[in-house]
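**Q** So here's structure_27.cif, just mmCIF, C-alpha atoms:
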data_upload
#
loop_
_atom_site.label_atom_id
_atom_site.label_comp_id
_atom_site.auth_asym_id
_atom_site.auth_seq_id
_atom_site.Cartn_x
_atom_site.Cartn_y
_atom_site.Cartn_z
CA MET A 349 0.00 0.00 0.00
CA SER A 350 1.77 3.12 -1.09
CA ALA A 351 1.17 6.51 0.47
CA GLY A 352 0.11 7.65 -3.00
CA ALA A 353 -3.15 5.71 -3.03
CA ILE A 354 -4.30 6.87 0.39
CA ASN A 355 -3.12 10.44 -0.20
CA ASP A 356 -4.83 10.80 -3.58
CA PRO A 357 -6.04 14.45 -3.47
CA ASN A 358 -9.36 13.55 -5.10
CA PHE A 359 -9.99 10.90 -2.50
CA ILE A 360 -9.23 13.35 0.33
CA LYS A 361 -11.37 16.05 -1.27
CA LYS A 362 -14.32 13.68 -1.56
CA LEU A 363 -13.83 12.55 2.03
CA SER A 364 -13.91 16.17 3.13
CA GLY A 365 -17.21 16.64 1.26
CA LYS A 366 -18.61 13.54 2.88
CA ALA A 367 -17.46 14.76 6.30
CA HIS A 368 -19.32 18.05 5.79
CA GLU A 369 -22.45 16.15 4.81
CA LEU A 370 -22.26 13.77 7.80
CA SER A 371 -21.71 16.51 10.36
CA ARG A 372 -24.69 18.59 9.24
CA GLY A 373 -27.27 18.99 11.99
CA PHE A 374 -24.80 18.55 14.82
CA ASP A 375 -23.85 21.41 17.13
CA GLU A 376 -20.21 21.04 18.10
CA ILE A 377 -18.32 17.79 17.55
CA LYS A 378 -15.02 17.36 19.38
CA LEU A 379 -12.73 14.57 18.17
CA MET A 380 -9.50 13.76 19.96
CA HIS A 381 -6.34 11.91 18.98
CA VAL A 382 -3.71 10.82 21.51
CA CYS A 383 -0.55 10.63 19.41
CA GLY A 384 2.22 13.15 18.77
CA THR A 385 2.84 11.80 15.27
CA HIS A 386 -0.85 12.21 14.40
CA GLU A 387 -0.65 15.85 15.49
CA HIS A 388 2.47 16.32 13.38
CA SER A 389 0.77 14.89 10.28
CA ILE A 390 -2.45 16.87 10.86
CA VAL A 391 -0.61 20.20 11.22
CA GLU A 392 1.93 19.54 8.47
CA SER A 393 -0.79 18.68 5.95
CA GLY A 394 -3.18 21.43 7.02
CA LEU A 395 -5.88 18.82 7.51
CA ARG A 396 -7.88 20.94 9.98
CA SER A 397 -8.71 23.35 7.14
CA LEU A 398 -10.63 20.54 5.41
CA LEU A 399 -12.86 19.81 8.39
CA PRO A 400 -16.42 21.11 8.76
CA GLU A 401 -16.66 24.22 10.93
CA ASN A 402 -18.50 22.45 13.71
CA VAL A 403 -15.88 19.68 13.96
CA SER A 404 -12.78 20.25 16.07
CA LEU A 405 -9.87 17.83 16.14
CA VAL A 406 -7.83 18.22 19.30
CA SER A 407 -4.65 16.67 20.62
CA GLY A 408 -4.76 14.68 23.88
CA PRO A 409 -1.94 13.39 26.09
CA GLY A 410 -0.05 11.62 23.31
CA CYS A 411 3.46 13.00 23.75
CA PRO A 412 5.47 10.64 25.97
CA VAL A 413 8.19 13.14 26.76
CA CYS A 414 5.59 15.75 27.77
CA ILE A 415 3.83 13.53 30.28
CA THR A 416 6.94 12.13 32.02
CA PRO A 417 6.83 13.44 35.62
CA LYS A 418 9.44 15.98 36.68
CA GLU A 419 10.26 13.78 39.66
CA ASP A 420 11.57 10.99 37.42
CA ILE A 421 13.65 13.39 35.33
CA GLU A 422 15.16 14.84 38.51
CA ARG A 423 15.85 11.29 39.71
CA MET A 424 17.80 10.61 36.50
CA ILE A 425 19.69 13.91 36.90
CA HIS A 426 20.58 12.80 40.44
CA LEU A 427 21.98 9.50 39.14
CA ALA A 428 23.88 11.30 36.38
CA GLU A 429 25.46 13.58 38.97
CA LYS A 430 26.52 10.51 40.94
CA GLY A 431 28.52 9.27 37.98
CA MET A 432 26.13 6.87 36.26
CA THR A 433 25.88 6.75 32.49
CA ILE A 434 22.35 7.80 31.52
CA THR A 435 20.82 6.96 28.15
CA THR A 436 17.63 8.48 26.84
CA PHE A 437 15.76 9.56 23.73
CA GLY A 438 16.64 12.93 22.20
CA ASP A 439 13.96 15.33 23.41
CA MET A 440 14.12 14.21 27.00
CA VAL A 441 17.49 15.80 27.70
CA ASN A 442 16.07 19.29 27.19
CA ILE A 443 12.96 19.04 29.38
CA PRO A 444 13.24 21.64 32.13
CA THR A 445 12.74 20.70 35.79
CA ASP A 446 13.39 22.55 39.05
CA SER A 447 16.86 20.93 39.04
CA GLY A 448 17.63 21.95 35.46
CA SER A 449 17.61 19.44 32.60
CA LEU A 450 19.63 16.36 31.75
CA ALA A 451 21.40 18.53 29.15
CA ASP A 452 22.43 20.92 31.94
CA ALA A 453 23.84 17.96 33.90
CA ARG A 454 25.77 16.90 30.81
CA ALA A 455 27.16 20.42 30.38
CA LYS A 456 28.52 20.11 33.92
CA GLY A 457 30.32 16.88 33.00
CA ALA A 458 27.76 14.14 33.62
CA ASP A 459 27.64 11.23 31.17
CA VAL A 460 24.23 11.67 29.53
CA ARG A 461 23.83 10.08 26.11
CA ILE A 462 21.13 10.32 23.52
CA VAL A 463 20.23 6.98 21.97
CA TYR A 464 18.00 6.05 19.04
CA GLY A 465 16.78 2.90 20.77
CA VAL A 466 17.41 0.72 23.79
CA SER A 467 19.80 -1.46 21.73
CA ASN A 468 22.32 1.39 21.75
CA ALA A 469 22.08 1.52 25.53
CA LEU A 470 22.63 -2.25 25.77
CA ALA A 471 25.70 -1.97 23.53
CA LEU A 472 27.12 0.71 25.82
CA ALA A 473 26.58 -1.51 28.87
CA ALA A 474 28.26 -4.41 27.05
CA LYS A 475 31.41 -2.26 26.83
CA GLY A 476 31.53 -2.12 30.64
CA LYS A 477 29.71 1.14 31.45
CA GLU A 478 27.09 1.02 34.21
CA VAL A 479 24.11 2.27 32.24
CA ALA A 480 20.70 3.44 33.47
CA HIS A 481 18.27 3.78 30.56
CA PHE A 482 15.34 6.18 30.83
CA GLY A 483 12.46 3.96 29.71
CA ILE A 484 9.85 6.41 28.51
CA GLY A 485 7.00 5.98 26.07
CA PHE A 486 3.73 4.22 25.47
CA GLU A 487 2.99 0.66 24.38
CA THR A 488 4.98 1.03 21.14
CA THR A 489 8.23 1.45 23.06
CA VAL A 490 7.43 -0.79 26.05
CA PRO A 491 8.19 -4.14 24.32
CA THR A 492 11.62 -2.87 23.26
CA SER A 493 12.32 -2.34 26.98
CA SER A 494 11.00 -5.87 27.57
CA VAL A 495 13.53 -7.26 25.08
CA ALA A 496 16.28 -5.39 26.94
CA LEU A 497 15.16 -6.74 30.33
CA ARG A 498 14.97 -10.29 29.01
CA SER A 499 18.49 -10.01 27.56
CA GLY A 500 19.98 -10.17 31.08
CA GLN A 501 22.68 -7.68 30.03
CA ASP A 502 25.24 -6.94 32.78
CA ASN A 503 25.74 -3.33 34.00
CA PHE A 504 22.32 -2.35 32.71
CA SER A 505 19.07 -1.19 34.21
CA ILE A 506 15.91 0.68 33.19
CA LEU A 507 14.02 3.40 35.03
CA SER A 508 10.54 2.71 33.76
CA VAL A 509 8.19 5.63 33.26
CA HIS A 510 6.24 3.73 30.64
CA ARG A 511 2.58 4.65 30.47
CA THR A 512 -0.43 3.07 28.75
CA ILE A 513 -2.94 4.79 26.50
CA PRO A 514 -6.33 3.06 27.06
CA GLU A 515 -6.14 3.91 30.80
CA ALA A 516 -5.51 7.57 29.91
CA MET A 517 -8.47 7.55 27.51
CA GLU A 518 -10.67 6.13 30.24
CA PHE A 519 -9.47 8.86 32.61
CA LEU A 520 -10.48 11.51 30.05
CA LEU A 521 -13.87 9.89 29.53
CA GLU A 522 -14.43 9.78 33.31
CA SER A 523 -13.51 13.47 33.64
CA ASP A 524 -15.69 16.42 32.63
CA ILE A 525 -13.84 16.79 29.34
CA LYS A 526 -16.22 16.23 26.47
CA VAL A 527 -14.92 13.94 23.73
CA ASP A 528 -17.31 12.78 20.99
CA GLY A 529 -14.91 10.41 19.26
CA PHE A 530 -11.36 9.12 19.52
CA ILE A 531 -8.76 8.65 16.83
CA ASP A 532 -6.75 5.80 18.34
CA PRO A 533 -2.95 5.81 17.92
CA GLY A 534 -1.46 3.82 15.03
CA HIS A 535 1.60 2.08 16.34
CA VAL A 536 0.45 1.78 19.94
CA SER A 537 -2.42 -0.18 18.38
CA SER A 538 0.02 -2.29 16.32
CA ILE A 539 1.10 -3.64 19.70
CA ILE A 540 -2.14 -3.67 21.74
CA GLY A 541 -4.62 -4.34 18.91
CA VAL A 542 -8.17 -3.12 18.30
CA ASP A 543 -10.19 -5.28 20.67
CA VAL A 544 -8.68 -3.66 23.75
CA TYR A 545 -10.55 -0.39 23.06
CA ARG A 546 -14.00 -2.02 22.81
CA PRO A 547 -14.90 -1.87 26.53
CA LEU A 548 -14.42 1.94 26.36
CA SER A 549 -16.79 2.34 23.40
CA LYS A 550 -19.34 0.13 25.09
CA ARG A 551 -19.19 1.80 28.50
CA TYR A 552 -18.95 5.44 27.38
CA LYS A 553 -20.83 5.19 24.05
CA VAL A 554 -17.88 6.78 22.27
CA PRO A 555 -16.92 5.88 18.68
CA GLN A 556 -13.26 5.16 17.92
CA VAL A 557 -11.18 4.62 14.80
CA VAL A 558 -7.61 3.29 14.82
CA ALA A 559 -5.75 5.49 12.33
CA GLY A 560 -2.59 5.44 10.26
CA PHE A 561 -0.28 8.45 9.90
CA GLU A 562 -0.77 9.67 6.33
CA PRO A 563 -3.01 12.72 5.85
CA GLY A 564 -5.39 10.47 3.87
CA ASP A 565 -5.49 7.96 6.74
CA LEU A 566 -6.47 10.73 9.14
CA MET A 567 -9.08 12.31 6.85
CA LEU A 568 -10.61 8.87 6.30
CA SER A 569 -10.61 8.20 10.05
CA VAL A 570 -12.35 11.50 10.80
CA THR A 571 -14.98 10.67 8.17
CA MET A 572 -15.46 7.19 9.64
CA LEU A 573 -15.99 8.73 13.11
CA LEU A 574 -18.51 11.23 11.70
CA GLU A 575 -20.34 8.41 9.96
CA GLN A 576 -20.60 6.55 13.27
CA LEU A 577 -21.92 9.67 15.01
CA HIS A 578 -24.36 10.28 12.14
CA GLU A 579 -25.70 6.74 12.43
CA GLY A 580 -25.67 6.78 16.24
CA ARG A 581 -23.08 4.01 16.49
CA SER A 582 -20.23 3.77 19.00
CA GLU A 583 -17.89 1.08 17.76
CA VAL A 584 -14.17 0.58 17.31
CA GLU A 585 -13.16 0.50 13.65
CA ASN A 586 -9.71 -0.09 12.20
CA GLU A 587 -8.66 2.26 9.41
CA TYR A 588 -4.99 1.21 9.76
CA ALA A 589 -5.50 -2.49 9.00
CA ARG A 590 -2.24 -2.62 7.06
CA ALA A 591 -0.29 -2.43 10.32
CA VAL A 592 -2.81 -3.21 13.06
CA ARG A 593 -4.31 -6.65 13.76
CA GLU A 594 -7.43 -7.24 15.80
CA GLN A 595 -5.48 -8.77 18.70
CA GLY A 596 -2.33 -6.70 18.18
CA ASN A 597 1.18 -8.13 18.29
CA GLN A 598 0.72 -11.02 20.67
CA LYS A 599 4.40 -11.87 20.81
CA ALA A 600 5.16 -8.34 22.02
CA MET A 601 2.21 -8.33 24.42
CA ALA A 602 3.40 -11.59 26.02
CA MET A 603 6.86 -10.06 26.56
CA ILE A 604 5.33 -6.92 28.14
CA ASP A 605 3.24 -9.08 30.46
CA GLU A 606 6.26 -11.13 31.45
CA THR A 607 8.39 -8.12 32.39
CA PHE A 608 5.98 -5.36 33.53
CA GLU A 609 2.95 -4.93 35.76
CA HIS A 610 0.39 -2.13 35.88
CA TYR A 611 0.17 0.36 38.77
CA ASP A 612 -1.52 3.72 39.44
CA ALA A 613 0.85 6.29 37.96
CA LYS A 614 1.31 10.05 37.80
CA TRP A 615 1.46 11.87 34.46
CA ARG A 616 3.15 15.26 34.30
CA ALA A 617 0.52 18.00 34.48
CA LEU A 618 -2.20 15.40 35.03
CA PRO A 619 -3.25 13.59 38.18
CA THR A 620 -2.53 9.96 39.02
CA ILE A 621 -4.30 7.73 36.51
CA PRO A 622 -5.39 4.31 37.79
CA GLY A 623 -3.50 1.39 36.24
CA SER A 624 -1.74 3.62 33.69
CA GLY A 625 1.87 2.96 34.67
CA LEU A 626 4.07 -0.03 33.95
CA ARG A 627 6.67 -0.99 36.53
CA ILE A 628 9.29 -3.71 36.23
CA ARG A 629 8.27 -7.02 37.77
CA GLU A 630 10.09 -8.36 40.82
CA GLU A 631 11.67 -11.15 38.74
CA TYR A 632 13.66 -8.46 36.88
CA ALA A 633 14.49 -6.36 39.98
CA GLU A 634 18.21 -6.69 39.25
CA MET A 635 17.61 -4.60 36.10
CA ASP A 636 15.25 -2.09 37.68
CA THR A 637 17.17 1.16 38.26
CA LEU A 638 15.04 1.96 41.33
CA LYS A 639 16.15 -1.24 43.03
CA ARG A 640 19.58 -1.80 41.52
CA HIS A 641 20.74 1.69 42.51
CA GLU A 642 18.73 2.07 45.70
CA ASP A 643 21.90 3.15 47.53
CA LEU A 644 22.61 6.01 45.11
CA LEU A 645 18.99 7.13 45.29
CA GLU A 646 18.83 7.08 49.09
CA ASP A 647 19.54 10.79 49.42
CA PHE A 648 17.36 11.79 46.44
CA GLU A 649 14.62 14.15 47.48
CA TYR A 650 11.90 15.53 45.26
CA ILE A 651 10.20 18.74 46.29
CA PRO A 652 6.99 19.17 44.29
CA ARG A 653 6.43 22.71 43.08
CA GLU A 654 3.71 24.34 41.06
CA GLU A 655 4.19 24.11 37.29
CA GLU A 656 5.72 27.19 35.68
CA SER A 657 3.35 30.11 36.09
CA GLY A 658 1.30 30.88 33.03
CA CYS A 659 2.30 27.67 31.19
CA ARG A 660 -0.86 25.95 29.95
CA CYS A 661 0.74 22.63 29.06
CA ALA A 662 -1.72 20.75 31.31
CA ASP A 663 -4.71 22.19 29.42
CA ILE A 664 -3.02 21.46 26.11
CA LEU A 665 -2.42 17.82 27.10
CA LEU A 666 -6.13 17.53 27.92
CA GLY A 667 -7.22 19.10 24.64
CA ASN A 668 -8.78 22.03 26.54
CA CYS A 669 -6.67 24.72 24.95
CA SER A 670 -4.75 25.30 21.73
CA PRO A 671 -1.16 26.66 21.77
CA ASP A 672 -2.18 30.16 20.66
CA GLU A 673 -4.47 30.42 23.68
CA CYS A 674 -1.45 30.17 26.01
CA PRO A 675 -0.08 33.62 26.95
CA LEU A 676 3.51 32.36 26.80
CA TYR A 677 3.30 30.72 23.35
CA GLY A 678 5.65 32.20 20.78
CA GLY A 679 6.80 35.00 23.10
CA VAL A 680 8.40 33.83 26.32
CA CYS A 681 8.09 30.20 25.23
CA THR A 682 9.70 29.01 21.97
CA PRO A 683 11.55 25.80 20.99
CA ASP A 684 14.87 27.60 21.64
CA SER A 685 13.76 28.70 25.08
CA PRO A 686 10.91 26.42 26.14
CA VAL A 687 8.97 26.90 29.37
CA GLY A 688 6.88 23.72 29.31
CA PRO A 689 7.48 20.24 27.87
CA CYS A 690 4.87 20.72 25.10
CA MET A 691 7.26 23.21 23.50
CA VAL A 692 10.35 20.99 23.90
CA SER A 693 9.40 17.68 22.37
CA ILE A 694 9.07 17.20 18.62
CA GLU A 695 5.85 15.38 19.55
CA GLY A 696 4.63 18.27 21.70
CA THR A 697 1.58 20.17 20.44
CA CYS A 698 3.20 23.61 20.96
CA ASN A 699 6.48 22.61 19.31
CA ILE A 700 4.61 21.28 16.25
CA ALA A 701 2.40 24.38 16.00
CA TYR A 702 5.42 26.67 16.28
CA LYS A 703 7.40 24.74 13.68
CA PHE A 704 4.63 25.06 11.13
CA GLY A 705 4.07 28.73 11.90
CA GLN A 706 0.66 28.60 13.52
CA MET B 1474 7.90 9.94 17.05
CA CYS B 1475 6.49 7.14 14.96
CA LEU B 1476 7.98 6.35 11.58
CA ALA B 1477 5.06 5.78 9.27
CA ILE B 1478 7.05 4.49 6.31
CA PRO B 1479 7.37 0.72 6.07
CA GLY B 1480 10.71 -0.82 5.13
CA LYS B 1481 11.55 -4.08 3.40
CA LEU B 1482 13.48 -6.70 5.35
CA VAL B 1483 16.43 -7.58 3.09
CA GLU B 1484 18.74 -9.45 5.50
CA LYS B 1485 18.09 -11.62 8.52
CA ASP B 1486 20.51 -13.25 10.93
CA GLY B 1487 18.71 -14.58 14.00
CA ASP B 1488 17.19 -11.63 15.83
CA LYS B 1489 19.06 -9.08 13.78
CA GLY B 1490 18.23 -7.84 10.33
CA VAL B 1491 18.58 -5.06 7.79
CA VAL B 1492 15.63 -3.04 6.52
CA ASP B 1493 15.76 -1.21 3.19
CA TYR B 1494 13.95 2.12 2.91
CA ASP B 1495 14.09 2.62 -0.80
CA GLY B 1496 17.90 2.52 -0.79
CA ALA B 1497 18.65 3.58 2.78
CA LYS B 1498 19.60 0.49 4.77
CA VAL B 1499 19.07 0.39 8.51
CA GLU B 1500 19.86 -2.29 11.09
CA VAL B 1501 16.83 -3.63 12.90
CA ARG B 1502 16.06 -6.03 15.76
CA LEU B 1503 13.54 -8.76 15.13
CA GLU B 1504 12.66 -10.13 18.59
CA LEU B 1505 9.11 -8.74 18.41
CA VAL B 1506 7.95 -10.11 15.03
CA ASP B 1507 8.13 -13.31 13.01
CA ALA B 1508 9.34 -11.68 9.81
CA GLU B 1509 11.20 -13.17 6.89
CA VAL B 1510 13.36 -11.60 4.19
CA GLY B 1511 11.02 -9.92 1.70
CA ASP B 1512 8.41 -8.88 4.30
CA TYR B 1513 7.58 -5.20 4.79
CA VAL B 1514 7.84 -4.14 8.43
CA ILE B 1515 7.08 -1.12 10.61
CA VAL B 1516 10.12 -0.12 12.68
CA HIS B 1517 10.06 1.76 16.01
CA THR B 1518 13.27 2.81 17.81
CA GLY B 1519 15.26 0.15 15.97
CA PHE B 1520 12.80 -2.72 16.46
CA ALA B 1521 10.44 -4.17 13.87
CA ILE B 1522 7.06 -4.05 15.65
CA GLU B 1523 4.67 -5.39 13.01
CA LYS B 1524 4.53 -6.85 9.52
CA LEU B 1525 2.54 -5.01 6.91
CA SER B 1526 -0.50 -6.51 5.27
CA GLU B 1527 -1.28 -5.04 1.87
CA GLU B 1528 -4.43 -7.12 1.48
CA ASP B 1529 -6.04 -5.69 4.64
CA ALA B 1530 -4.91 -2.23 3.70
CA LEU B 1531 -6.54 -2.17 0.32
CA GLU B 1532 -9.83 -3.51 1.63
CA SER B 1533 -10.88 -0.50 3.73
CA ILE B 1534 -9.67 2.03 1.19
CA LYS B 1535 -11.48 0.24 -1.64
CA LEU B 1536 -14.67 0.10 0.36
CA TRP B 1537 -14.57 3.83 1.01
CA LYS B 1538 -13.74 4.68 -2.56
CA GLU B 1539 -16.84 2.75 -3.54
CA ILE B 1540 -18.99 4.56 -0.97
CA LEU B 1541 -17.80 7.91 -2.26
CA GLU B 1542 -18.38 6.92 -5.90
CA LEU B 1543 -21.93 5.81 -5.10
CA ASP B 1544 -22.60 9.16 -3.52
CA LYS B 1545 -21.76 11.10 -6.62
#
Kindly present the structure from the file in structure tokens form.

**A**
Amino acid sequence: MSAGAINDPNFIKKLSGKAHELSRGFDEIKLMHVCGTHEHSIVESGLRSLLPENVSLVSGPGCPVCITPKEDIERMIHLAEKGMTITTFGDMVNIPTDSGSLADARAKGADVRIVYGVSNALALAAKGKEVAHFGIGFETTVPTSSVALRSGQDNFSILSVHRTIPEAMEFLLESDIKVDGFIDPGHVSSIIGVDVYRPLSKRYKVPQVVAGFEPGDLMLSVTMLLEQLHEGRSEVENEYARAVREQGNQKAMAMIDETFEHYDAKWRALPTIPGSGLRIREEYAEMDTLKRHEDLLEDFEYIPREEESGCRCADILLGNCSPDECPLYGGVCTPDSPVGPCMVSIEGTCNIAYKFGQ
Amino acid sequence: MCLAIPGKLVEKDGDKGVVDYDGAKVEVRLELVDAEVGDYVIVHTGFAIEKLSEEDALESIKLWKEILELDK
């Protein structure tokens, strides 16, 4: 399936026409996606300009770097300052906390390395370095951490801040935030499948469509959601069948289950979400940074403070506010001098908006 | 960030392989999928996470193209 077929301009134009037709008669329809790459594709392609006026497409908490709690970043900075080698994905090093960022620690001589994937961190440990890997991300990244844990690599551990998406969606549906339909994330769904979302549609009467990343995928998914709303259905449909199976990637899911267990976890700027965190199982305690380096972490203290004044990252992560509604956006807060995480990460809603000049 | 473009598995040696993105060749780990040389895979942070199915892909697009044609 080439991108050409799904991105055929005529196809997208007709879908837009159909979307207008299907949304007629509704007041406001609010659709939400929960994926930084979806936001990137939507903004880059200008897709929002093809939507009916009464349909808004907002970004939810889909940026893993943005939702990683400050406490965990400060914990990694603490370990870096104690001489550990820290590996992490690119954006994470620049996220500001009350103790500076990992990049600041590196500037002061700490060994903080950016890796493309956990394999690079394993290779570093194999050379004899004592490596603590910052395990961030949703279900797409979790099984790669599972592979690392199962490898039994010496000198290696993971600080898991992995979070899971369906629990976050349920939290949003339980809150007073109104969402009329969800665009479910593409590659998270490659791992967890389609079926896993069905209890949410049933319980909250909310339609969902699992979507791919091309502009045509997203326009088709929006139209499929509007068709469901038009017909009064609330089902889970799979637009991204080329990469998402009904039951997901069962091999990967089995590895996740073997190495991680769910717990109630904090998301940055959001409250604790029941069952949304994945911590390393006791059987792999030797490779769990929290346990392996308990002695180094003994004197770590986290003092919670209010988020930066004026920064509306929390509202942006909940889809309650767009970047231009934040007083700091584009003035005090830019990618070169970010105040909140949404402006730092390439998956952050503010960073994406700024990059494409919105 | 998710990489939406699928790559073709051109080499495989146990759990390690090489994926070809239209000329650009990238090393990939294969622990998470049962893929063979010739398969198209989706890669995330250096790991193949799923094989691509062209058959499934074309089905939903075709169906929608038909719906839109009928509406004309």

**Q** Name the residues in contact with range 681-691 of chain A at a cut-off of 12 Å, using only C-alpha atoms, excluding same-chain residues fewer than 6 positions from it; report them as a PyMOL selection string.

**A** chain A and resi 384+407-418+421+439-446+448-449+616-617+655-666+670-672+674-675+697-703+705

**Q** With the file shown as input, list the residues that the PyMOL selection byres ((chain A) within 8 of (chain B)) selects, as an mmCIF file with C-alpha atoms, keeping the file's coordinate frame.

**A**
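Saved as result_5.cif:
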data_model
loop_
_atom_site.group_PDB
_atom_site.id
_atom_site.type_symbol
_atom_site.label_atom_id
_atom_site.label_comp_id
_atom_site.auth_asym_id
_atom_site.auth_seq_id
_atom_site.Cartn_x
_atom_site.Cartn_y
_atom_site.Cartn_z
ATOM 1 C CA MET A 349 0.000 0.000 0.000
ATOM 2 C CA ILE A 354 -4.300 6.870 0.390
ATOM 3 C CA PHE A 359 -9.990 10.900 -2.500
ATOM 4 C CA LYS A 362 -14.320 13.680 -1.560
ATOM 5 C CA LEU A 363 -13.830 12.550 2.030
ATOM 6 C CA LYS A 366 -18.610 13.540 2.880
ATOM 7 C CA GLY A 384 2.220 13.150 18.770
ATOM 8 C CA THR A 385 2.840 11.800 15.270
ATOM 9 C CA TYR A 464 18.000 6.050 19.040
ATOM 10 C CA GLY A 465 16.780 2.900 20.770
ATOM 11 C CA VAL A 466 17.410 0.720 23.790
ATOM 12 C CA SER A 467 19.800 -1.460 21.730
ATOM 13 C CA THR A 488 4.980 1.030 21.140
ATOM 14 C CA THR A 489 8.230 1.450 23.060
ATOM 15 C CA PRO A 491 8.190 -4.140 24.320
ATOM 16 C CA THR A 492 11.620 -2.870 23.260
ATOM 17 C CA VAL A 495 13.530 -7.260 25.080
ATOM 18 C CA HIS A 535 1.600 2.080 16.340
ATOM 19 C CA SER A 538 0.020 -2.290 16.320
ATOM 20 C CA ILE A 539 1.100 -3.640 19.700
ATOM 21 C CA GLY A 560 -2.590 5.440 10.260
ATOM 22 C CA PHE A 561 -0.280 8.450 9.900
ATOM 23 C CA GLU A 562 -0.770 9.670 6.330
ATOM 24 C CA GLU A 587 -8.660 2.260 9.410
ATOM 25 C CA TYR A 588 -4.990 1.210 9.760
ATOM 26 C CA ALA A 589 -5.500 -2.490 9.000
ATOM 27 C CA ARG A 590 -2.240 -2.620 7.060
ATOM 28 C CA ALA A 591 -0.290 -2.430 10.320
ATOM 29 C CA VAL A 592 -2.810 -3.210 13.060
ATOM 30 C CA ASN A 597 1.180 -8.130 18.290
ATOM 31 C CA LYS A 599 4.400 -11.870 20.810
ATOM 32 C CA ALA A 600 5.160 -8.340 22.020
ATOM 33 C CA ILE A 694 9.070 17.200 18.620
ATOM 34 C CA GLU A 695 5.850 15.380 19.550
#

**Q** With the file shown as input, list the residues that the PyMOL selection byres ((chain A and resi 521) around 12) selects, as a list of chain:residue names.

**A**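 Evaluating the PyMOL selection byres ((chain A and resi 521) around 12) on these coordinates yields A:Met380, A:Gly408, A:Pro514, A:Glu515, A:Ala516, A:Met517, A:Glu518, A:Phe519, A:Leu520, A:Glu522, A:Ser523, A:Asp524, A:Ile525, A:Lys526, A:Val527, A:Asp528, A:Gly529, A:Phe530, A:Leu548, A:Ser549, A:Arg551, A:Tyr552, A:Lys553, A:Val554, A:Pro555, A:Leu666.
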
**Q** Near Asp1495 in chain B, within 12 Å and counting only C-alpha atoms, which residues show up once chain neighbours fewer than 5 positions away are dropped, as a PDB file with C-alpha atoms, keeping the file's coordinate frame?

**A**
ATOM      1  CA  ILE B1478       7.050   4.490   6.310  1.00  0.00           C
ATOM      2  CA  PRO B1479       7.370   0.720   6.070  1.00  0.00           C
ATOM      3  CA  GLY B1480      10.710  -0.820   5.130  1.00  0.00           C
ATOM      4  CA  LYS B1481      11.550  -4.080   3.400  1.00  0.00           C
ATOM      5  CA  LEU B1482      13.480  -6.700   5.350  1.00  0.00           C
ATOM      6  CA  VAL B1483      16.430  -7.580   3.090  1.00  0.00           C
ATOM      7  CA  TYR B1513       7.580  -5.200   4.790  1.00  0.00           C
TER       8      TYR B1513
END

**Q** Please measure the separation of CA of Met567 in chain A and CA of Lys550 in chain A, giving the value in Å to one decimal.

**A** 24.2 Å

**Q** Any idea what the distance is between CA of Leu497 in chain A and CA of Pro619 in chain A?

**A** 28.5 Å

**Q** By how many Å are CA of Glu634 in chain A and CA of Ala474 in chain A apart?

**A**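 CA of Glu634 in chain A sits 16.0 Å away from CA of Ala474 in chain A.
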
**Q** Any idea what's packed within 12 Å of Glu1484 in chain B, counting all atoms listed in the file, ignoring anything in its chain fewer than 2 positions away? Could you give it as a PDB file with C-alpha atoms, keeping the file's coordinate frame?

**A**
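The result, stored in part_36.pdb:
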ATOM      1  CA  GLY B1480      10.710  -0.820   5.130  1.00  0.00           C
ATOM      2  CA  LYS B1481      11.550  -4.080   3.400  1.00  0.00           C
ATOM      3  CA  LEU B1482      13.480  -6.700   5.350  1.00  0.00           C
ATOM      4  CA  ASP B1486      20.510 -13.250  10.930  1.00  0.00           C
ATOM      5  CA  GLY B1487      18.710 -14.580  14.000  1.00  0.00           C
ATOM      6  CA  ASP B1488      17.190 -11.630  15.830  1.00  0.00           C
ATOM      7  CA  LYS B1489      19.060  -9.080  13.780  1.00  0.00           C
ATOM      8  CA  GLY B1490      18.230  -7.840  10.330  1.00  0.00           C
ATOM      9  CA  VAL B1491      18.580  -5.060   7.790  1.00  0.00           C
ATOM     10  CA  VAL B1492      15.630  -3.040   6.520  1.00  0.00           C
ATOM     11  CA  ASP B1493      15.760  -1.210   3.190  1.00  0.00           C
ATOM     12  CA  LYS B1498      19.600   0.490   4.770  1.00  0.00           C
ATOM     13  CA  VAL B1499      19.070   0.390   8.510  1.00  0.00           C
ATOM     14  CA  GLU B1500      19.860  -2.290  11.090  1.00  0.00           C
ATOM     15  CA  VAL B1501      16.830  -3.630  12.900  1.00  0.00           C
ATOM     16  CA  ARG B1502      16.060  -6.030  15.760  1.00  0.00           C
ATOM     17  CA  LEU B1503      13.540  -8.760  15.130  1.00  0.00           C
ATOM     18  CA  ALA B1508       9.340 -11.680   9.810  1.00  0.00           C
ATOM     19  CA  GLU B1509      11.200 -13.170   6.890  1.00  0.00           C
ATOM     20  CA  VAL B1510      13.360 -11.600   4.190  1.00  0.00           C
ATOM     21  CA  GLY B1511      11.020  -9.920   1.700  1.00  0.00           C
ATOM     22  CA  ASP B1512       8.410  -8.880   4.300  1.00  0.00           C
ATOM     23  CA  TYR B1513       7.580  -5.200   4.790  1.00  0.00           C
TER      24      TYR B1513
END

**Q** Residue by residue, what does the PyMOL selection byres ((chain A and resi 484) around 10) grab here? Present the result as a list in words.

**A**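 On the file shown, the PyMOL selection byres ((chain A and resi 484) around 10) covers Pro412, Val413, Ile415, Thr416, Thr436, Phe437, Met440, His481, Phe482, Gly483, Gly485, Phe486, Glu487, Thr489, Val490, Ser493, Ile506, Leu507, Ser508, Val509, His510 and Arg511 of chain A.
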